[in-house]
file model20.cif (mmCIF, C-alpha atoms and all ligand atoms)
data_data
#
loop_
_atom_site.label_atom_id
_atom_site.label_comp_id
_atom_site.auth_asym_id
_atom_site.auth_seq_id
_atom_site.Cartn_x
_atom_site.Cartn_y
_atom_site.Cartn_z
CA MET A 1 0.84 26.35 0.27
CA ALA A 2 4.09 26.28 -1.74
CA THR A 3 3.18 27.02 -5.35
CA ALA A 4 4.21 24.66 -8.11
CA PRO A 5 3.20 23.98 -11.72
CA TYR A 6 1.54 20.73 -10.61
CA ARG A 7 -0.91 19.46 -8.04
CA ARG A 8 0.78 17.41 -5.33
CA ILE A 9 -1.25 14.24 -4.94
CA ALA A 10 -0.13 11.97 -2.11
CA ALA A 11 -1.14 8.38 -2.76
CA GLU A 12 -0.60 6.42 0.49
CA GLU A 13 -2.17 8.47 3.24
CA ALA A 14 -3.60 6.62 6.22
CA PHE A 15 -6.65 7.09 8.40
CA SER A 16 -8.43 5.06 11.05
CA THR A 17 -11.97 5.17 12.34
CA PRO A 18 -12.70 5.62 16.06
CA GLU A 19 -14.47 2.24 15.97
CA ILE A 20 -11.51 0.40 14.43
CA THR A 21 -9.01 2.06 16.76
CA SER A 22 -11.04 1.00 19.77
CA ARG A 23 -11.27 -2.55 18.40
CA TYR A 24 -7.46 -2.56 18.11
CA ARG A 25 -7.25 -1.43 21.75
CA ALA A 26 -9.58 -4.27 22.75
CA LEU A 27 -7.50 -6.84 20.83
CA LEU A 28 -4.37 -5.60 22.61
CA SER A 29 -5.88 -5.67 26.08
CA ASP A 30 -7.96 -8.85 25.95
CA GLY A 31 -5.02 -10.83 24.56
CA SER A 32 -7.16 -12.39 21.80
CA CYS A 33 -4.77 -11.43 18.97
CA ASN A 34 -1.59 -13.49 18.93
CA ASP A 35 -0.04 -11.59 15.99
CA ARG A 36 3.35 -10.45 17.26
CA ALA A 37 3.75 -7.66 14.71
CA PHE A 38 0.38 -6.27 15.76
CA GLN A 39 1.43 -6.36 19.40
CA SER A 40 4.76 -4.73 18.58
CA LEU A 41 3.45 -1.96 16.28
CA LEU A 42 -0.06 -1.11 17.45
CA GLY A 43 0.96 -1.95 21.00
CA PHE A 44 3.52 0.82 20.75
CA TYR A 45 1.40 3.44 19.00
CA LEU A 46 -1.73 2.89 21.09
CA THR A 47 -0.17 2.68 24.53
CA SER A 48 2.75 5.15 24.40
CA ASN A 49 2.48 8.31 26.51
CA GLU A 50 5.01 10.14 24.36
CA PRO A 51 3.18 13.13 22.77
CA ARG A 52 4.72 12.67 19.32
CA VAL A 53 3.69 8.99 19.27
CA LYS A 54 0.17 9.66 20.60
CA ALA A 55 -0.27 12.33 17.93
CA VAL A 56 -0.08 9.69 15.19
CA PHE A 57 -3.44 8.11 16.04
CA GLU A 58 -5.02 11.49 16.79
CA LYS A 59 -4.11 12.46 13.23
CA MET A 60 -5.19 9.04 11.92
CA GLU A 61 -8.71 9.67 13.17
CA ASP A 62 -9.01 13.18 11.77
CA LEU A 63 -10.40 13.67 8.28
CA GLY A 64 -11.12 17.36 8.80
CA ALA A 65 -9.45 20.55 9.99
CA THR A 66 -6.19 19.13 11.41
CA ARG A 67 -5.43 17.01 8.39
CA LEU A 68 -6.30 19.80 5.96
CA ALA A 69 -4.06 22.20 7.89
CA ASP A 70 -1.20 19.69 7.78
CA MET A 71 -1.74 19.27 4.05
CA ASP A 72 -1.73 23.04 3.53
CA ALA A 73 1.43 23.40 5.61
CA THR A 74 3.30 20.80 3.56
CA GLY A 75 1.89 21.65 0.13
CA ILE A 76 -0.25 18.56 -0.39
CA HIS A 77 -3.27 19.39 -2.54
CA HIS A 78 -4.88 15.97 -2.44
CA GLN A 79 -4.64 12.77 -0.41
CA VAL A 80 -5.67 9.32 -1.60
CA LEU A 81 -6.88 7.94 1.73
CA SER A 82 -6.60 4.34 2.85
CA LEU A 83 -7.42 2.50 6.05
CA GLY A 84 -4.11 2.22 7.92
CA SER A 85 -2.25 -1.03 8.47
CA PRO A 86 -3.28 -3.67 9.56
CA GLY A 87 -6.76 -2.55 8.48
CA VAL A 88 -9.45 -5.10 9.27
CA GLN A 89 -7.18 -8.05 8.54
CA VAL A 90 -6.41 -8.91 12.17
CA PHE A 91 -10.08 -9.42 13.11
CA ASP A 92 -12.31 -12.48 12.86
CA ALA A 93 -14.01 -12.72 9.47
CA GLY A 94 -17.46 -11.49 10.49
CA THR A 95 -16.09 -8.47 12.35
CA ALA A 96 -13.70 -7.68 9.48
CA VAL A 97 -16.45 -7.71 6.84
CA SER A 98 -18.62 -5.34 8.81
CA LEU A 99 -15.78 -2.99 9.83
CA ALA A 100 -14.57 -2.73 6.21
CA ARG A 101 -18.04 -1.67 5.16
CA ASP A 102 -18.32 0.93 7.92
CA SER A 103 -14.84 2.25 7.17
CA ASN A 104 -15.71 2.72 3.50
CA ASP A 105 -18.88 4.63 4.38
CA TYR A 106 -16.84 6.73 6.80
CA VAL A 107 -14.17 7.71 4.30
CA ALA A 108 -16.73 8.29 1.53
CA ASP A 109 -18.45 10.79 3.81
CA ALA A 110 -15.20 12.75 4.32
CA ILE A 111 -14.60 12.70 0.56
CA ARG A 112 -18.08 14.13 -0.04
CA ARG A 113 -17.25 17.00 2.31
CA HIS A 114 -13.87 17.73 0.67
CA PRO A 115 -13.95 16.28 -2.85
CA ASP A 116 -11.06 18.40 -4.10
CA ARG A 117 -8.81 17.43 -1.15
CA PHE A 118 -9.58 13.72 -0.67
CA SER A 119 -10.26 10.55 -2.57
CA GLY A 120 -9.98 7.05 -1.16
CA LEU A 121 -9.50 3.33 -1.55
CA ALA A 122 -11.94 0.66 -0.35
CA ALA A 123 -10.97 -1.50 2.60
CA VAL A 124 -11.89 -5.15 2.12
CA ALA A 125 -11.74 -8.25 4.32
CA PRO A 126 -9.72 -10.92 2.48
CA GLN A 127 -10.90 -13.38 5.17
CA GLU A 128 -14.09 -13.59 3.06
CA PRO A 129 -12.92 -13.34 -0.58
CA ALA A 130 -16.35 -13.24 -2.23
CA LYS A 131 -17.58 -10.60 0.21
CA ALA A 132 -14.36 -8.64 -0.30
CA ALA A 133 -14.98 -8.61 -4.05
CA ALA A 134 -18.56 -7.45 -3.49
CA GLU A 135 -17.44 -4.70 -1.09
CA LEU A 136 -14.85 -3.50 -3.59
CA GLU A 137 -17.59 -3.28 -6.19
CA ARG A 138 -19.87 -1.36 -3.79
CA GLY A 139 -16.99 0.91 -2.82
CA VAL A 140 -16.21 1.79 -6.43
CA ARG A 141 -19.70 1.83 -7.96
CA THR A 142 -21.73 3.28 -5.09
CA LEU A 143 -19.22 5.26 -3.02
CA GLY A 144 -16.89 6.45 -5.78
CA LEU A 145 -13.75 4.93 -4.25
CA LYS A 146 -10.78 4.45 -6.55
CA GLY A 147 -9.45 0.96 -5.83
CA ALA A 148 -8.78 -1.41 -2.95
CA ILE A 149 -6.36 -1.21 -0.05
CA ILE A 150 -5.04 -4.51 1.26
CA ASN A 151 -2.55 -4.41 4.11
CA SER A 152 -0.50 -7.38 2.89
CA HIS A 153 -0.83 -10.82 4.50
CA THR A 154 -4.00 -11.82 6.31
CA GLN A 155 -3.16 -13.81 9.44
CA GLY A 156 -0.23 -15.45 7.65
CA GLU A 157 -2.02 -16.05 4.34
CA PHE A 158 -0.89 -14.46 1.07
CA LEU A 159 -3.00 -13.43 -1.91
CA ASP A 160 -1.28 -15.83 -4.31
CA ASP A 161 -3.54 -18.53 -2.83
CA SER A 162 -6.24 -18.92 -5.48
CA LYS A 163 -9.01 -18.73 -2.88
CA PHE A 164 -8.34 -14.96 -2.84
CA TRP A 165 -8.50 -14.51 -6.60
CA PRO A 166 -12.12 -13.30 -6.69
CA ILE A 167 -10.67 -10.04 -5.31
CA PHE A 168 -8.27 -9.76 -8.26
CA GLU A 169 -11.06 -10.65 -10.64
CA ALA A 170 -13.26 -7.86 -9.26
CA ALA A 171 -10.47 -5.28 -9.41
CA GLU A 172 -9.69 -6.16 -13.01
CA ALA A 173 -13.35 -6.09 -14.03
CA LEU A 174 -13.88 -2.71 -12.32
CA ASP A 175 -10.62 -1.42 -13.84
CA VAL A 176 -9.28 -0.23 -10.46
CA PRO A 177 -5.91 -0.95 -8.82
CA ILE A 178 -5.17 -2.79 -5.60
CA TYR A 179 -2.77 -1.01 -3.26
CA LEU A 180 -0.74 -3.70 -1.48
CA HIS A 181 0.37 -1.83 1.63
CA PRO A 182 2.76 -3.36 4.18
CA THR A 183 2.02 -4.93 7.48
CA GLY A 184 4.46 -6.56 9.87
CA PRO A 185 5.87 -10.03 9.12
CA PRO A 186 3.58 -12.90 10.16
CA ASN A 187 4.48 -14.89 13.27
CA ALA A 188 6.19 -17.56 11.12
CA MET A 189 8.86 -15.06 10.00
CA ILE A 190 9.01 -12.32 12.63
CA GLU A 191 11.39 -13.65 15.29
CA PRO A 192 14.74 -12.64 13.71
CA PHE A 193 13.31 -9.19 12.92
CA LEU A 194 12.07 -8.54 16.46
CA ALA A 195 15.45 -9.38 17.93
CA ARG A 196 16.85 -6.10 16.53
CA GLY A 197 13.70 -3.99 16.29
CA LEU A 198 13.49 -4.54 12.53
CA ASP A 199 9.89 -5.79 12.26
CA GLY A 200 8.25 -2.51 11.27
CA ALA A 201 8.64 0.28 8.74
CA ILE A 202 12.43 0.28 9.04
CA TYR A 203 12.78 -3.01 7.09
CA GLY A 204 10.41 -5.85 8.10
CA PHE A 205 7.51 -4.28 6.20
CA ALA A 206 9.53 -4.24 2.97
CA VAL A 207 10.73 -7.83 3.36
CA GLU A 208 7.22 -9.12 4.04
CA THR A 209 5.48 -7.08 1.35
CA GLY A 210 8.22 -7.54 -1.28
CA LEU A 211 7.87 -11.29 -0.71
CA HIS A 212 4.09 -10.99 -1.04
CA LEU A 213 4.35 -9.10 -4.34
CA LEU A 214 6.78 -11.66 -5.75
CA ARG A 215 4.57 -14.56 -4.68
CA ILE A 216 1.71 -12.93 -6.62
CA VAL A 217 3.90 -12.58 -9.72
CA LEU A 218 5.28 -16.14 -9.61
CA ALA A 219 1.85 -17.65 -8.96
CA GLY A 220 0.75 -16.44 -12.39
CA VAL A 221 -1.87 -13.98 -11.11
CA PHE A 222 -1.10 -11.60 -13.99
CA ASP A 223 -1.38 -14.36 -16.60
CA ARG A 224 -4.89 -14.99 -15.30
CA PHE A 225 -5.69 -11.24 -14.86
CA PRO A 226 -3.47 -9.46 -17.41
CA LYS A 227 -5.06 -6.02 -16.95
CA LEU A 228 -4.82 -6.05 -13.14
CA GLN A 229 -2.66 -3.28 -11.66
CA ILE A 230 -1.07 -3.43 -8.21
CA VAL A 231 0.30 -0.34 -6.51
CA SER A 232 3.21 -0.83 -4.14
CA GLY A 233 4.54 1.72 -1.67
CA HIS A 234 8.14 2.31 -0.66
CA LEU A 235 9.33 2.28 -4.28
CA GLY A 236 8.31 -1.33 -4.81
CA GLU A 237 9.56 -2.74 -1.49
CA GLY A 238 13.02 -3.39 -2.94
CA LEU A 239 11.93 -5.36 -6.01
CA PRO A 240 13.10 -2.88 -8.70
CA TYR A 241 16.67 -3.49 -7.56
CA TRP A 242 16.29 -7.25 -8.03
CA LEU A 243 14.76 -7.52 -11.52
CA PHE A 244 17.80 -8.96 -13.27
CA ARG A 245 18.48 -11.66 -10.68
CA ILE A 246 14.82 -12.63 -10.32
CA ASP A 247 14.48 -13.12 -14.09
CA PHE A 248 17.72 -15.08 -14.34
CA MET A 249 17.01 -17.40 -11.42
CA HIS A 250 13.36 -17.87 -12.34
CA SER A 251 14.22 -19.03 -15.85
CA ARG A 252 16.84 -21.41 -14.46
CA MET A 253 14.41 -22.85 -11.94
CA VAL A 254 11.78 -23.39 -14.64
CA ALA A 255 14.31 -24.99 -17.02
CA GLY A 256 15.62 -27.29 -14.27
CA ASN A 257 12.15 -28.33 -13.08
CA ARG A 258 13.39 -27.49 -9.64
CA TYR A 259 10.10 -26.80 -7.87
CA GLU A 260 6.70 -28.27 -8.60
CA SER A 261 5.27 -24.86 -7.64
CA VAL A 262 7.45 -22.79 -10.01
CA LYS A 263 5.82 -22.80 -13.43
CA LYS A 264 6.77 -21.14 -16.66
CA LEU A 265 4.97 -17.80 -17.01
CA GLU A 266 3.86 -16.02 -20.17
CA ARG A 267 6.23 -13.15 -19.45
CA LYS A 268 9.46 -12.68 -17.49
CA PRO A 269 8.88 -11.78 -13.81
CA SER A 270 10.35 -8.32 -14.44
CA GLU A 271 7.81 -7.70 -17.19
CA TYR A 272 4.90 -8.12 -14.78
CA ILE A 273 6.63 -5.79 -12.34
CA ARG A 274 7.03 -3.22 -15.12
CA GLN A 275 3.63 -3.65 -16.75
CA ASN A 276 1.29 -4.57 -13.86
CA MET A 277 2.74 -2.51 -11.01
CA TYR A 278 2.98 1.12 -10.00
CA VAL A 279 5.23 2.19 -7.16
CA THR A 280 4.92 5.18 -4.85
CA SER A 281 7.66 7.04 -3.03
CA SER A 282 6.07 6.65 0.41
CA GLY A 283 8.69 6.79 3.13
CA MET A 284 11.45 6.97 0.50
CA ALA A 285 11.83 10.70 -0.06
CA TRP A 286 15.28 10.30 -1.56
CA GLU A 287 16.16 11.23 -5.11
CA PRO A 288 18.62 8.43 -6.06
CA PRO A 289 16.21 5.47 -5.63
CA ILE A 290 13.30 7.49 -7.06
CA ARG A 291 15.31 8.15 -10.22
CA TYR A 292 16.44 4.54 -10.31
CA ALA A 293 12.81 3.36 -10.11
CA GLN A 294 11.86 5.80 -12.88
CA ASN A 295 14.78 4.49 -14.93
CA VAL A 296 13.97 0.78 -14.65
CA LEU A 297 10.14 0.86 -14.40
CA GLY A 298 9.41 3.97 -16.47
CA VAL A 299 8.57 7.56 -15.45
CA ASP A 300 4.90 6.72 -15.92
CA ARG A 301 5.08 4.07 -13.15
CA VAL A 302 6.43 6.05 -10.19
CA LEU A 303 4.23 8.34 -8.13
CA TYR A 304 4.44 10.46 -5.05
CA ALA A 305 3.22 9.50 -1.56
CA MET A 306 3.99 11.03 1.82
CA ASP A 307 2.75 8.26 4.16
CA TYR A 308 0.91 10.69 6.44
CA PRO A 309 0.61 10.62 9.40
CA TRP A 310 3.33 8.02 9.97
CA GLN A 311 5.83 10.08 8.09
CA PHE A 312 4.97 13.76 8.15
CA VAL A 313 8.04 15.81 7.33
CA ALA A 314 7.45 19.07 5.48
CA SER A 315 11.04 19.31 4.22
CA GLU A 316 10.55 16.10 2.23
CA VAL A 317 8.15 17.86 -0.12
CA THR A 318 10.70 20.64 -0.67
CA SER A 319 13.40 18.11 -1.50
CA MET A 320 11.08 16.26 -3.91
CA ASP A 321 10.24 19.59 -5.59
CA GLN A 322 13.95 20.12 -6.17
CA MET A 323 14.73 16.76 -7.80
CA ALA A 324 16.84 17.15 -10.92
CA ILE A 325 14.23 15.75 -13.29
CA GLY A 326 12.36 17.55 -16.08
CA ASP A 327 9.22 19.60 -15.43
CA GLU A 328 7.11 17.12 -17.36
CA GLU A 329 8.51 14.18 -15.34
CA LYS A 330 7.90 16.02 -12.08
CA LYS A 331 4.29 16.66 -13.01
CA MET A 332 3.89 12.95 -13.82
CA PHE A 333 5.44 12.01 -10.47
CA TYR A 334 3.27 14.34 -8.39
CA GLN A 335 0.06 14.50 -10.37
CA THR A 336 -0.70 12.84 -13.67
CA ASN A 337 0.43 9.28 -12.88
CA ALA A 338 -1.88 9.26 -9.84
CA GLU A 339 -4.72 10.74 -11.90
CA LYS A 340 -4.23 7.95 -14.40
CA VAL A 341 -3.92 4.92 -12.13
CA PHE A 342 -6.68 5.98 -9.72
CA ARG A 343 -8.78 7.69 -12.41
CA LEU A 344 -9.14 10.84 -10.29
C1 LIG A 401 4.59 2.84 10.58
C2 LIG A 401 4.57 3.17 9.25
C3 LIG A 401 3.58 2.03 11.10
C4 LIG A 401 3.57 2.69 8.43
C5 LIG A 401 2.55 1.57 10.29
O1 LIG A 401 1.55 0.76 10.71
C6 LIG A 401 2.55 1.92 8.94
C7 LIG A 401 5.64 3.35 11.44
C8 LIG A 401 1.50 0.35 12.04
O2 LIG A 401 6.29 4.36 11.07
O3 LIG A 401 5.88 2.78 12.50
O4 LIG A 401 1.55 1.47 8.15
N1 LIG A 401 3.65 3.00 7.07
O5 LIG A 401 2.69 3.01 6.32
O6 LIG A 401 4.77 3.25 6.60
MN MN A 402 2.02 3.56 4.67
#

call {"tool": "encode", "arguments": {"input": "model20.cif", "output": "structure tokens", "more": "lines below"}}
Ligand code: 1DF
Ligand code: MN
result
Amino acid sequence: MATAPYRRIAAEEAFSTPEITSRYRALLSDGSCNDRAFQSLLGFYLTSNEPRVKAVFEKMEDLGATRLADMDATGIHHQVLSLGSPGVQVFDAGTAVSLARDSNDYVADAIRRHPDRFSGLAAVAPQEPAKAAAELERGVRTLGLKGAIINSHTQGEFLDDSKFWPIFEAAEALDVPIYLHPTGPPNAMIEPFLARGLDGAIYGFAVETGLHLLRIVLAGVFDRFPKLQIVSGHLGEGLPYWLFRIDFMHSRMVAGNRYESVKKLERKPSEYIRQNMYVTSSGMAWEPPIRYAQNVLGVDRVLYAMDYPWQFVASEVTSMDQMAIGDEEKKMFYQTNAEKVFRL
């Protein structure tokens, strides 16, 4: 492993369980899931015969020798594991609750075998908010997991709906973050993306999840739960670039009483993004936007992620090692920010 004066912690690293993968296959073949992003994304990864594509789900299901060898080869000391998108959120509520529980037991077992190499986030089923809150508590208190993973919208519903707020309440009370990971746009917004193959990681994920994050901010979630922290991948799904315009337009909309649903907040939208969000560099291994995010959010708010096994490119680690930032900042990026937010 390439030596460095820091531990490389990768914060958005996906796995699947054999059970969940086979349930995805069943949803694809029995036609019972009408989510077009699911059909487009999982339909591709789970039915392709192309070796490189098939390898993704083989790696997803491995929490042992193959993954550890890949980590050694790329210089990753530690992965924060999370159930890959779309998680359990495409299933009926009863199935989702039970699969989330099994998945958390499964990942906790791998963490017990390799505690220095792995930690993990708890999968929850937002379909049942009270049960999701209880599973997050079990995941953290009993299994030693470090927060929650939610793969963005749940069958077209977003977490700014107050019926989901018991999940935020539990995360704040437990003092653990929620990682809001992308999923494809819901059916109501996907058509113009599909027309040019833009529904997935190339862009649709960021549009959908950036929208979701902003809905959470504007709904006043952080006024109600001021200590809550949300982690966003992909350098904040575009939001850091928009802070000035969002603040300006939000204050105008409030002053003009333009929307019944747009209320004055205790802080400016950008302040919640700076004070209640962390961003990771998943899929964005490029120095200019990383330094921009550090500049506008703070060097203590930006952390490293590889996005294994979706994005598994050894040269990215080398280029991140060579960023023209100070040694202290690099250690924060790779190691200490993750240790702080996930309490590793
Ligand atoms: C891809 C990437 C697909 C991520 C994913 O879920 C996913 C991809 C189906 O590269 O097609 O979660 N990702 O995390 O960036
Ligand atoms: Mn990811």

call {"tool": "closest_residue", "arguments": {"input": "model20.cif", "among": "A:Pro129, A:Pro177, A:Pro185, A:Pro240", "to": "Leu159 of chain A", "atoms": "only C-alpha atoms"}}
result
A:Pro129

call {"tool": "closest_residue", "arguments": {"input": "model20.cif", "among": "A:Asp105, A:Glu137, A:Glu237, A:Asp35", "to": "Phe168 of chain A", "atoms": "only C-alpha atoms"}}
result
A:Glu137

call {"tool": "residues_near_ligand", "arguments": {"input": "model20.cif", "ligand": "ligand MN 402 (chain A)", "cutoff": "12 Å", "atoms": "all atoms listed in the file", "output": "compact mmCIF listing (two decimals) with C-alpha atoms, in the frame of the given file"}}
result
# COMPACT_ATOMS: atom_id res chain seq x y z
CA ALA A 10 -0.13 11.97 -2.11
CA ALA A 11 -1.14 8.38 -2.76
CA GLU A 12 -0.60 6.42 0.49
CA GLU A 13 -2.17 8.47 3.24
CA ALA A 14 -3.60 6.62 6.22
CA PHE A 15 -6.65 7.09 8.40
CA MET A 60 -5.19 9.04 11.92
CA VAL A 80 -5.67 9.32 -1.60
CA LEU A 81 -6.88 7.94 1.73
CA SER A 82 -6.60 4.34 2.85
CA LEU A 83 -7.42 2.50 6.05
CA GLY A 84 -4.11 2.22 7.92
CA SER A 85 -2.25 -1.03 8.47
CA PRO A 86 -3.28 -3.67 9.56
CA GLY A 87 -6.76 -2.55 8.48
CA ILE A 149 -6.36 -1.21 -0.05
CA ILE A 150 -5.04 -4.51 1.26
CA ASN A 151 -2.55 -4.41 4.11
CA SER A 152 -0.50 -7.38 2.89
CA TYR A 179 -2.77 -1.01 -3.26
CA LEU A 180 -0.74 -3.70 -1.48
CA HIS A 181 0.37 -1.83 1.63
CA PRO A 182 2.76 -3.36 4.18
CA THR A 183 2.02 -4.93 7.48
CA GLY A 184 4.46 -6.56 9.87
CA GLY A 200 8.25 -2.51 11.27
CA ALA A 201 8.64 0.28 8.74
CA ILE A 202 12.43 0.28 9.04
CA PHE A 205 7.51 -4.28 6.20
CA ALA A 206 9.53 -4.24 2.97
CA THR A 209 5.48 -7.08 1.35
CA VAL A 231 0.30 -0.34 -6.51
CA SER A 232 3.21 -0.83 -4.14
CA GLY A 233 4.54 1.72 -1.67
CA HIS A 234 8.14 2.31 -0.66
CA LEU A 235 9.33 2.28 -4.28
CA GLU A 237 9.56 -2.74 -1.49
CA THR A 280 4.92 5.18 -4.85
CA SER A 281 7.66 7.04 -3.03
CA SER A 282 6.07 6.65 0.41
CA GLY A 283 8.69 6.79 3.13
CA MET A 284 11.45 6.97 0.50
CA ALA A 305 3.22 9.50 -1.56
CA MET A 306 3.99 11.03 1.82
CA ASP A 307 2.75 8.26 4.16
CA TYR A 308 0.91 10.69 6.44
CA PRO A 309 0.61 10.62 9.40
CA TRP A 310 3.33 8.02 9.97
CA GLN A 311 5.83 10.08 8.09
CA PHE A 312 4.97 13.76 8.15

call {"tool": "residues_around", "arguments": {"input": "model20.cif", "residues": "Leu265 of chain A", "least_positions_apart": "6", "cutoff": "8 Å", "atoms": "all atoms listed in the file", "output": "mmCIF file with C-alpha atoms, in the frame of the given file"}}
result
data_model
loop_
_atom_site.group_PDB
_atom_site.id
_atom_site.type_symbol
_atom_site.label_atom_id
_atom_site.label_comp_id
_atom_site.auth_asym_id
_atom_site.auth_seq_id
_atom_site.Cartn_x
_atom_site.Cartn_y
_atom_site.Cartn_z
ATOM 1 C CA LEU A 218 5.280 -16.140 -9.610
ATOM 2 C CA GLY A 220 0.750 -16.440 -12.390
ATOM 3 C CA ASP A 223 -1.380 -14.360 -16.600
#

call {"tool": "axis_aligned_box", "arguments": {"input": "model20.cif", "around": "ligand LIG 401 (chain A)", "padding_each_side": "3 Å", "output": "JSON"}}
result
{"center_x": 3.9, "center_y": 2.4, "center_z": 9.4, "size_x": 10.8, "size_y": 10.0, "size_z": 12.2}

call {"tool": "closest_residue", "arguments": {"input": "model20.cif", "among": "A:Leu41, A:Leu63, A:Val341, A:Ala132", "to": "Ile230 of chain A", "atoms": "all atoms listed in the file"}}
result
A:Val341

call {"tool": "residues_around", "arguments": {"input": "model20.cif", "residues": "Glu61 of chain A", "least_positions_apart": "6", "cutoff": "8 Å", "atoms": "all atoms listed in the file", "output": "list in words"}}
result
Phe15, Ser16, Thr17 and Pro18 of chain A

call {"tool": "closest_residue", "arguments": {"input": "model20.cif", "among": "A:Leu243, A:Leu194, A:Leu174, A:Leu46", "to": "Arg138 of chain A", "atoms": "all atoms listed in the file"}}
result
A:Leu174

call {"tool": "residues_around", "arguments": {"input": "model20.cif", "residues": "Lys146 of chain A", "least_positions_apart": "4", "cutoff": "12 Å", "atoms": "all atoms listed in the file", "output": "PyMOL selection string"}}
result
chain A and resi 11+80-82+104+107-108+111+118-123+136-142+171+174-179+338-344

call {"tool": "residues_around", "arguments": {"input": "model20.cif", "residues": "Asn337 of chain A", "least_positions_apart": "3", "cutoff": "8 Å", "atoms": "all atoms listed in the file", "output": "PyMOL selection string"}}
result
chain A and resi 300-303+332-334+340-341

call {"tool": "write_last_selection", "arguments": {"input": "model20.cif", "atoms": "C-alpha atoms", "output": "mmCIF file, in the frame of the given file"}}
result
data_model
loop_
_atom_site.group_PDB
_atom_site.id
_atom_site.type_symbol
_atom_site.label_atom_id
_atom_site.label_comp_id
_atom_site.auth_asym_id
_atom_site.auth_seq_id
_atom_site.Cartn_x
_atom_site.Cartn_y
_atom_site.Cartn_z
ATOM 1 C CA ASP A 300 4.900 6.720 -15.920
ATOM 2 C CA ARG A 301 5.080 4.070 -13.150
ATOM 3 C CA VAL A 302 6.430 6.050 -10.190
ATOM 4 C CA LEU A 303 4.230 8.340 -8.130
ATOM 5 C CA MET A 332 3.890 12.950 -13.820
ATOM 6 C CA PHE A 333 5.440 12.010 -10.470
ATOM 7 C CA TYR A 334 3.270 14.340 -8.390
ATOM 8 C CA LYS A 340 -4.230 7.950 -14.400
ATOM 9 C CA VAL A 341 -3.920 4.920 -12.130
#

call {"tool": "residues_around", "arguments": {"input": "model20.cif", "residues": "Met1 of chain A", "least_positions_apart": "6", "cutoff": "12 Å", "atoms": "all atoms listed in the file", "output": "list in words"}}
result
Arg7, Arg8, Leu68, Ala69, Asp70, Met71, Asp72, Ala73, Thr74, Gly75, Ile76, His77, Ala314, Val317 and Thr318 of chain A

call {"tool": "atom_distance", "arguments": {"input": "model20.cif", "atom1": "atom CA of Met189 of chain A", "atom2": "atom CA of Met277 of chain A"}}
result
25.2 Å

call {"tool": "closest_residue", "arguments": {"input": "model20.cif", "among": "A:Glu128, A:Asp62, A:Glu157, A:Asp199", "to": "ligand LIG 401 (chain A)", "atoms": "all atoms listed in the file"}}
result
A:Asp199

call {"tool": "atom_distance", "arguments": {"input": "model20.cif", "atom1": "atom CA of Leu228 of chain A", "atom2": "atom CA of Gln294 of chain A"}}
result
20.5 Å

call {"tool": "atom_distance", "arguments": {"input": "model20.cif", "atom1": "atom CA of Met253 of chain A", "atom2": "atom CA of Ile273 of chain A"}}
result
18.8 Å
